[in-house]
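Shown next: model_27.pdb, given as PDB, C-alpha atoms.
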ATOM      1  CA  MET A  80     102.766  93.634 206.914
ATOM      2  CA  THR A  81     101.328  95.105 203.708
ATOM      3  CA  ILE A  82      97.631  95.681 203.071
ATOM      4  CA  LYS A  83      97.719  92.831 200.561
ATOM      5  CA  GLU A  84      99.187  90.502 203.218
ATOM      6  CA  ILE A  85      96.521  91.592 205.717
ATOM      7  CA  LYS A  86      93.861  90.903 203.066
ATOM      8  CA  ASN A  87      95.217  87.409 202.354
ATOM      9  CA  LYS A  88      95.526  86.527 206.041
ATOM     10  CA  ALA A  89      92.006  87.820 206.762
ATOM     11  CA  GLU A  90      90.550  85.723 203.938
ATOM     12  CA  LYS A  91      92.247  82.634 205.378
ATOM     13  CA  ASN A  92      90.696  83.470 208.747
ATOM     14  CA  PHE A  93      87.280  83.975 207.130
ATOM     15  CA  LYS A  94      87.418  80.353 205.911
ATOM     16  CA  ARG A  95      87.533  79.168 209.536
ATOM     17  CA  ILE A  96      84.864  81.471 210.943
ATOM     18  CA  LYS A  97      82.055  79.804 212.839
ATOM     19  CA  LEU A  98      78.846  81.803 213.111
ATOM     20  CA  ARG A  99      77.760  82.426 216.672
ATOM     21  CA  ASP A 100      74.124  82.437 217.668
ATOM     22  CA  ASP A 101      74.831  83.720 221.176
ATOM     23  CA  ILE A 102      75.886  87.291 220.316
ATOM     24  CA  TYR A 103      74.122  90.356 218.961
ATOM     25  CA  GLY A 104      75.321  92.257 215.917
ATOM     26  CA  PHE A 105      76.563  91.553 212.455
ATOM     27  CA  GLN A 106      79.166  88.870 211.799
ATOM     28  CA  ILE A 107      81.308  88.122 208.777
ATOM     29  CA  GLN A 108      80.145  84.861 207.243
ATOM     30  CA  PRO A 109      82.376  81.844 206.601
ATOM     31  CA  ASN A 110      84.288  81.855 203.298
ATOM     32  CA  THR A 111      83.832  85.599 202.745
ATOM     33  CA  LYS A 112      86.409  87.176 200.456
ATOM     34  CA  PHE A 113      87.364  90.739 199.696
ATOM     35  CA  LEU A 114      86.242  92.162 196.376
ATOM     36  CA  LYS A 115      88.821  93.369 193.875
ATOM     37  CA  GLY A 116      90.091  96.898 194.445
ATOM     38  CA  ILE A 117      89.738  99.828 192.082
ATOM     39  CA  SER A 118      92.213 101.411 189.659
ATOM     40  CA  ARG A 119      94.489 104.380 190.338
ATOM     41  CA  LYS A 120      92.365 106.451 187.950
ATOM     42  CA  GLU A 121      89.219 105.552 189.914
ATOM     43  CA  ILE A 122      91.004 106.469 193.164
ATOM     44  CA  ASP A 123      91.928 109.870 191.682
ATOM     45  CA  GLN A 124      88.270 110.413 190.715
ATOM     46  CA  LEU A 125      87.168 109.374 194.202
ATOM     47  CA  GLN A 126      89.528 111.921 195.767
ATOM     48  CA  LEU A 127      87.861 114.618 193.664
ATOM     49  CA  LEU A 128      84.464 113.445 194.909
ATOM     50  CA  PHE A 129      85.603 113.680 198.547
ATOM     51  CA  GLY A 130      87.453 116.949 197.972
ATOM     52  CA  PHE A 131      90.828 115.937 199.424
ATOM     53  CA  ASP A 132      93.762 113.629 198.740
ATOM     54  CA  PHE A 133      93.767 110.277 200.529
ATOM     55  CA  PRO A 134      96.548 108.920 202.755
ATOM     56  CA  TRP A 135      99.007 106.605 201.005
ATOM     57  CA  GLU A 136      97.800 103.571 203.003
ATOM     58  CA  TYR A 137      94.177 104.185 202.010
ATOM     59  CA  ARG A 138      95.164 104.409 198.351
ATOM     60  CA  GLU A 139      96.946 101.059 198.804
ATOM     61  CA  MET A 140      93.834  99.613 200.448
ATOM     62  CA  LEU A 141      91.583 100.831 197.618
ATOM     63  CA  LEU A 142      93.900  99.173 195.072
ATOM     64  CA  ASN A 143      93.608  95.832 196.910
ATOM     65  CA  ILE A 144      90.244  95.780 198.701
ATOM     66  CA  GLY A 145      86.891  96.774 197.243
ATOM     67  CA  GLY A 146      84.526  95.515 199.936
ATOM     68  CA  LEU A 147      83.258  92.080 200.936
ATOM     69  CA  ASP A 148      81.678  89.566 198.573
ATOM     70  CA  THR A 149      79.188  88.265 201.168
ATOM     71  CA  LEU A 150      76.776  90.216 203.356
ATOM     72  CA  GLU A 151      77.351  90.173 207.104
ATOM     73  CA  ILE A 152      74.717  88.301 209.088
ATOM     74  CA  SER A 153      72.975  89.123 212.368
ATOM     75  CA  ILE A 154      71.362  86.293 214.328
ATOM     76  CA  ASP A 155      69.205  87.307 217.300
ATOM     77  CA  PRO A 156      70.289  85.104 220.249
ATOM     78  CA  ASP A 157      66.796  85.393 221.730
ATOM     79  CA  GLY A 158      65.175  84.210 218.508
ATOM     80  CA  GLU A 159      62.728  87.129 218.551
ATOM     81  CA  ASP A 160      63.967  88.869 215.394
ATOM     82  CA  GLU A 161      64.464  87.321 212.009
ATOM     83  CA  ILE A 162      67.960  86.930 210.631
ATOM     84  CA  LYS A 163      69.240  90.184 209.087
ATOM     85  CA  PHE A 164      71.873  90.852 206.470
ATOM     86  CA  ASN A 165      73.966  93.980 205.956
ATOM     87  CA  ASP A 166      76.716  95.329 203.733
ATOM     88  CA  SER A 167      78.841  97.353 206.176
ATOM     89  CA  PHE A 168      81.983  97.779 204.060
ATOM     90  CA  TYR A 169      81.523 101.031 202.143
ATOM     91  CA  GLN A 170      82.195 100.862 198.429
ATOM     92  CA  TYR A 171      82.707 104.156 196.651
ATOM     93  CA  PRO A 172      81.331 105.969 194.784
ATOM     94  CA  ARG A 173      78.274 103.743 195.246
ATOM     95  CA  ASP A 174      77.983 104.322 199.013
ATOM     96  CA  ILE A 175      78.584 108.082 199.291
ATOM     97  CA  GLU A 176      74.964 108.721 200.347
ATOM     98  CA  LYS A 177      74.828 105.603 202.536
ATOM     99  CA  SER A 178      77.918 106.680 204.501
ATOM    100  CA  ASN A 179      77.006 110.368 204.939
ATOM    101  CA  TRP A 180      75.398 109.639 208.313
ATOM    102  CA  LEU A 181      78.806 108.821 209.783
ATOM    103  CA  VAL A 182      80.451 112.060 208.629
ATOM    104  CA  LYS A 183      77.489 114.006 210.044
ATOM    105  CA  GLU A 184      77.807 112.142 213.347
ATOM    106  CA  ILE A 185      81.535 112.890 213.536
ATOM    107  CA  LYS A 186      80.835 116.574 212.906
ATOM    108  CA  GLU A 187      78.097 116.585 215.552
ATOM    109  CA  PHE A 188      80.446 115.038 218.122
ATOM    110  CA  LYS A 189      83.607 116.687 216.795
ATOM    111  CA  ILE A 190      84.921 117.617 220.255
ATOM    112  CA  TYR A 191      84.932 113.936 221.279
ATOM    113  CA  ALA A 192      86.612 112.847 218.041
ATOM    114  CA  GLU A 193      89.285 115.498 218.427
ATOM    115  CA  GLU A 194      89.792 114.640 222.099
ATOM    116  CA  ALA A 195      90.377 110.960 221.257
ATOM    117  CA  LEU A 196      92.771 111.880 218.453
ATOM    118  CA  ARG A 197      94.650 114.418 220.597
ATOM    119  CA  GLU A 198      95.068 111.834 223.366
ATOM    120  CA  ALA A 199      96.537 109.474 220.747
ATOM    121  CA  GLY A 200      99.097 112.134 219.801
ATOM    122  CA  PHE A 201      97.579 113.592 216.619
ATOM    123  CA  ASP A 202      97.519 117.312 215.759
ATOM    124  CA  VAL A 203      93.804 117.806 215.080
ATOM    125  CA  SER A 204      94.416 121.202 213.469
ATOM    126  CA  LYS A 205      95.772 119.288 210.450
ATOM    127  CA  ILE A 206      92.590 117.227 209.767
ATOM    128  CA  VAL A 207      91.241 117.720 206.234
ATOM    129  CA  GLY A 208      88.339 115.254 206.323
ATOM    130  CA  TYR A 209      86.904 111.841 207.103
ATOM    131  CA  VAL A 210      86.196 108.770 204.973
ATOM    132  CA  PRO A 211      83.756 106.182 206.339
ATOM    133  CA  ILE A 212      85.277 102.752 205.794
ATOM    134  CA  TYR A 213      83.302 100.043 207.529
ATOM    135  CA  SER A 214      80.120 100.289 209.598
ATOM    136  CA  HIS A 215      80.830 103.039 212.156
ATOM    137  CA  ARG A 216      84.583 103.240 211.512
ATOM    138  CA  ALA A 217      86.094 106.192 209.667
ATOM    139  CA  LEU A 218      89.520 107.047 208.339
ATOM    140  CA  VAL A 219      90.756 110.430 209.573
ATOM    141  CA  VAL A 220      92.475 112.260 206.734
ATOM    142  CA  PHE A 221      95.286 114.660 207.613
ATOM    143  CA  ALA A 222      97.312 117.039 205.459
ATOM    144  CA  ASP A 223     100.235 114.628 206.053
ATOM    145  CA  LYS A 224      99.444 111.671 203.766
ATOM    146  CA  ASN A 225     101.630 109.387 205.909
ATOM    147  CA  LEU A 226      99.006 109.554 208.686
ATOM    148  CA  SER A 227      95.955 107.289 208.530
ATOM    149  CA  PRO A 228      94.285 106.804 211.934
ATOM    150  CA  VAL A 229      90.857 105.193 212.100
ATOM    151  CA  ILE A 230      88.214 106.118 214.632
ATOM    152  CA  SER A 231      85.209 104.168 215.837
ATOM    153  CA  VAL A 232      82.160 106.389 216.283
ATOM    154  CA  TRP A 233      79.030 105.551 218.248
ATOM    155  CA  GLY A 234      77.446 108.896 219.059
ATOM    156  CA  SER A 235      79.721 110.721 221.479
ATOM    157  CA  ASP A 236      81.537 107.451 222.258
ATOM    158  CA  ILE A 237      84.547 107.867 219.967
ATOM    159  CA  ILE A 238      87.843 106.009 220.198
ATOM    160  CA  VAL A 239      90.914 105.633 218.026
ATOM    161  CA  TYR A 240      90.521 102.081 216.718
ATOM    162  CA  GLY A 241      93.863 102.088 214.952
ATOM    163  CA  ASP A 242      96.744 104.565 214.941
ATOM    164  CA  ASN A 243      97.022 103.808 211.238
ATOM    165  CA  LEU A 244      94.997 101.980 208.604
ATOM    166  CA  LYS A 245      97.048  98.777 208.744
ATOM    167  CA  GLU A 246      96.629  98.546 212.522
ATOM    168  CA  TYR A 247      92.894  99.148 212.079
ATOM    169  CA  LEU A 248      92.552  96.417 209.433
ATOM    170  CA  LYS A 249      94.342  93.979 211.735
ATOM    171  CA  ASN A 250      92.032  94.945 214.641
ATOM    172  CA  GLU A 251      88.918  94.596 212.491
ATOM    173  CA  PHE A 252      89.657  91.551 210.360
ATOM    174  CA  LEU A 253      92.432  89.506 211.981
ATOM    175  CA  ARG A 254      90.850  89.082 215.398
ATOM    176  CA  PHE A 255      88.929  85.955 214.388
TER
END
Produce structure tokens that represent the structure in this file.
Amino acid sequence: MTIKEIKNKAEKNFKRIKLRDDIYGFQIQPNTKFLKGISRKEIDQLQLLFGFDFPWEYREMLLNIGGLDTLEISIDPDGEDEIKFNDSFYQYPRDIEKSNWLVKEIKEFKIYAEEALREAGFDVSKIVGYVPIYSHRALVVFADKNLSPVISVWGSDIIVYGDNLKEYLKNEFLRF
């Protein structure tokens, strides 16, 4: 399945989403769509900003997906907090500062990130950087541009959320 196919299938699923008022956390709202991606030239400029070349799958994602057109919503099941809205899908270069917290957290808990990646079969000596993608999920960038694992980071609680970007996108957006 291509990134474009994942995008189209996710948008179909977003049409059927029913908001839940019995769970905590942000939810994608019904009828959400992905924003248009960016150009190859903009991707090249973004790589310069990050200081490393992106995996092929991430370049494909950036060409096809530029974020979400609707803010995620959080409804407090206890009714004690007001409804909150958030934009968790990082859009670059706009969100470089906004996403820095995640890179800092990965560096702080590097041993846990590397342990999770090693257990998944990755050679952590070949990591060149990290790109926050969505909320507390980050793409791990390796020297080998065919690799594109995504990790989920919550302090020292770090797991591989997808062995590659396509698997991650399916886990994140096709589970509805």
Show me a table, sorted first by chain and then by increasing residue number, of the residues of stretch 171-230 of chain A having an atom at most 12 Å from stretch 138-145 of chain A, each with its shortest atom pair and the distance in Å to one decimal, counting all atoms listed in the file and written as a Markdown table.
| residue | atom | partner | partner_atom | distance |
| --- | --- | --- | --- | --- |
| A:Tyr171 | CA | A:Gly145 | CA | 8.5 |
| A:Pro172 | CA | A:Gly145 | CA | 11.0 |
| A:Arg173 | CA | A:Gly145 | CA | 11.3 |
| A:Asp174 | CA | A:Gly145 | CA | 11.8 |
| A:Val210 | CA | A:Arg138 | CA | 12.0 |
| A:Ile212 | CA | A:Leu141 | CA | 10.5 |
| A:Tyr213 | CA | A:Gly145 | CA | 11.4 |
| A:Leu218 | CA | A:Met140 | CA | 11.7 |
| A:Val220 | CA | A:Arg138 | CA | 11.8 |
| A:Lys224 | CA | A:Arg138 | CA | 10.0 |
| A:Asn225 | CA | A:Arg138 | CA | 11.1 |
| A:Ser227 | CA | A:Arg138 | CA | 10.6 |
Within 12 Å of A:Pro156, counting only C-alpha atoms, which residues qualify if same-chain residues fewer than 2 places away don't, as a list of chain:residue names?
-> A:Leu98, A:Arg99, A:Asp100, A:Asp101, A:Ile102, A:Tyr103, A:Gly104, A:Phe105, A:Ser153, A:Ile154, A:Gly158, A:Glu159, A:Asp160, A:Glu161, A:Ile162
What does the distance between atom CA of A:Glu194 and atom CA of A:Ala217 come to in Å, to one decimal place?
-> 15.5 Å
Can you tell me how far atom CA of A:Trp233 sits from atom CA of A:Phe131, in Å to one decimal?
->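 About the pair atom CA of A:Trp233 and atom CA of A:Phe131: they are 24.5 Å apart.
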Starting from the shown file, work through the PyMOL selection byres ((chain A and resi 106) around 6) and note down what comes out as a PyMOL selection string.
-> chain A and resi 105+107+151-152
Which residue out of A:Trp135, A:Phe113, A:Phe129, A:Tyr209 has the minimum interatomic distance to A:Lys88 when all atoms listed in the file are used?
->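 Nearest to A:Lys88: A:Phe113.
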Report, as JSON, the centre and edge lengths in Å (one decimal) of the axis-aligned box enclosing every listed atom of stretch 155-165 of chain A, padded by 6 Å on each side.
{"center_x": 68.3, "center_y": 89.1, "center_z": 213.8, "size_x": 23.2, "size_y": 21.8, "size_z": 27.8}
Shortest interatomic distance to A:Glu136 - which of A:Glu187, A:Leu253, A:Asp236, A:Asp223, counting all atoms listed in the file = A:Asp223
Please return stretch 235-253 of chain A, rebuilt to N, CA, C and O atoms, as an mmCIF file, keeping the file's coordinate frame.
data_model
loop_
_atom_site.group_PDB
_atom_site.id
_atom_site.type_symbol
_atom_site.label_atom_id
_atom_site.label_comp_id
_atom_site.auth_asym_id
_atom_site.auth_seq_id
_atom_site.Cartn_x
_atom_site.Cartn_y
_atom_site.Cartn_z
ATOM 1 N N SER A 235 78.593 110.013 220.870
ATOM 2 C CA SER A 235 79.721 110.721 221.479
ATOM 3 C C SER A 235 80.799 109.762 221.988
ATOM 4 O O SER A 235 81.833 110.200 222.469
ATOM 5 N N ASP A 236 80.556 108.458 221.858
ATOM 6 C CA ASP A 236 81.537 107.451 222.258
ATOM 7 C C ASP A 236 82.480 107.223 221.072
ATOM 8 O O ASP A 236 82.161 106.463 220.159
ATOM 9 N N ILE A 237 83.606 107.909 221.085
ATOM 10 C CA ILE A 237 84.547 107.867 219.967
ATOM 11 C C ILE A 237 85.922 107.468 220.487
ATOM 12 O O ILE A 237 86.430 108.061 221.435
ATOM 13 N N ILE A 238 86.501 106.460 219.839
ATOM 14 C CA ILE A 238 87.843 106.009 220.198
ATOM 15 C C ILE A 238 88.692 105.895 218.940
ATOM 16 O O ILE A 238 88.171 105.779 217.830
ATOM 17 N N VAL A 239 90.001 105.937 219.124
ATOM 18 C CA VAL A 239 90.914 105.633 218.026
ATOM 19 C C VAL A 239 91.007 104.113 217.976
ATOM 20 O O VAL A 239 91.429 103.474 218.930
ATOM 21 N N TYR A 240 90.567 103.530 216.863
ATOM 22 C CA TYR A 240 90.521 102.081 216.718
ATOM 23 C C TYR A 240 91.772 101.532 216.038
ATOM 24 O O TYR A 240 91.977 100.340 215.969
ATOM 25 N N GLY A 241 92.580 102.447 215.551
ATOM 26 C CA GLY A 241 93.863 102.088 214.952
ATOM 27 C C GLY A 241 94.660 103.352 214.718
ATOM 28 O O GLY A 241 94.125 104.310 214.155
ATOM 29 N N ASP A 242 95.913 103.383 215.162
ATOM 30 C CA ASP A 242 96.744 104.565 214.941
ATOM 31 C C ASP A 242 97.061 104.774 213.469
ATOM 32 O O ASP A 242 97.486 105.845 213.064
ATOM 33 N N ASN A 243 96.872 103.715 212.683
ATOM 34 C CA ASN A 243 97.022 103.808 211.238
ATOM 35 C C ASN A 243 96.113 102.758 210.606
ATOM 36 O O ASN A 243 95.559 101.901 211.290
ATOM 37 N N LEU A 244 95.943 102.844 209.310
ATOM 38 C CA LEU A 244 94.997 101.980 208.604
ATOM 39 C C LEU A 244 95.357 100.500 208.715
ATOM 40 O O LEU A 244 94.480 99.656 208.906
ATOM 41 N N LYS A 245 96.636 100.176 208.640
ATOM 42 C CA LYS A 245 97.048 98.777 208.744
ATOM 43 C C LYS A 245 96.704 98.215 210.117
ATOM 44 O O LYS A 245 96.205 97.088 210.227
ATOM 45 N N GLU A 246 96.969 98.989 211.168
ATOM 46 C CA GLU A 246 96.629 98.546 212.522
ATOM 47 C C GLU A 246 95.117 98.342 212.642
ATOM 48 O O GLU A 246 94.647 97.367 213.221
ATOM 49 N N TYR A 247 94.353 99.274 212.065
ATOM 50 C CA TYR A 247 92.894 99.148 212.079
ATOM 51 C C TYR A 247 92.444 97.853 211.383
ATOM 52 O O TYR A 247 91.631 97.104 211.921
ATOM 53 N N LEU A 248 92.961 97.612 210.185
ATOM 54 C CA LEU A 248 92.552 96.417 209.433
ATOM 55 C C LEU A 248 92.864 95.148 210.219
ATOM 56 O O LEU A 248 92.072 94.200 210.212
ATOM 57 N N LYS A 249 94.002 95.130 210.892
ATOM 58 C CA LYS A 249 94.342 93.979 211.735
ATOM 59 C C LYS A 249 93.333 93.851 212.873
ATOM 60 O O LYS A 249 92.844 92.758 213.154
ATOM 61 N N ASN A 250 93.006 94.971 213.537
ATOM 62 C CA ASN A 250 92.032 94.945 214.641
ATOM 63 C C ASN A 250 90.665 94.460 214.167
ATOM 64 O O ASN A 250 89.991 93.713 214.869
ATOM 65 N N GLU A 251 90.269 94.898 212.995
ATOM 66 C CA GLU A 251 88.918 94.596 212.491
ATOM 67 C C GLU A 251 88.812 93.192 211.908
ATOM 68 O O GLU A 251 87.828 92.497 212.151
ATOM 69 N N PHE A 252 89.804 92.772 211.152
ATOM 70 C CA PHE A 252 89.657 91.551 210.360
ATOM 71 C C PHE A 252 90.580 90.398 210.728
ATOM 72 O O PHE A 252 90.407 89.298 210.211
ATOM 73 N N LEU A 253 91.544 90.607 211.598
ATOM 74 C CA LEU A 253 92.432 89.506 211.981
ATOM 75 C C LEU A 253 92.195 89.035 213.390
ATOM 76 O O LEU A 253 92.957 88.247 213.936
#
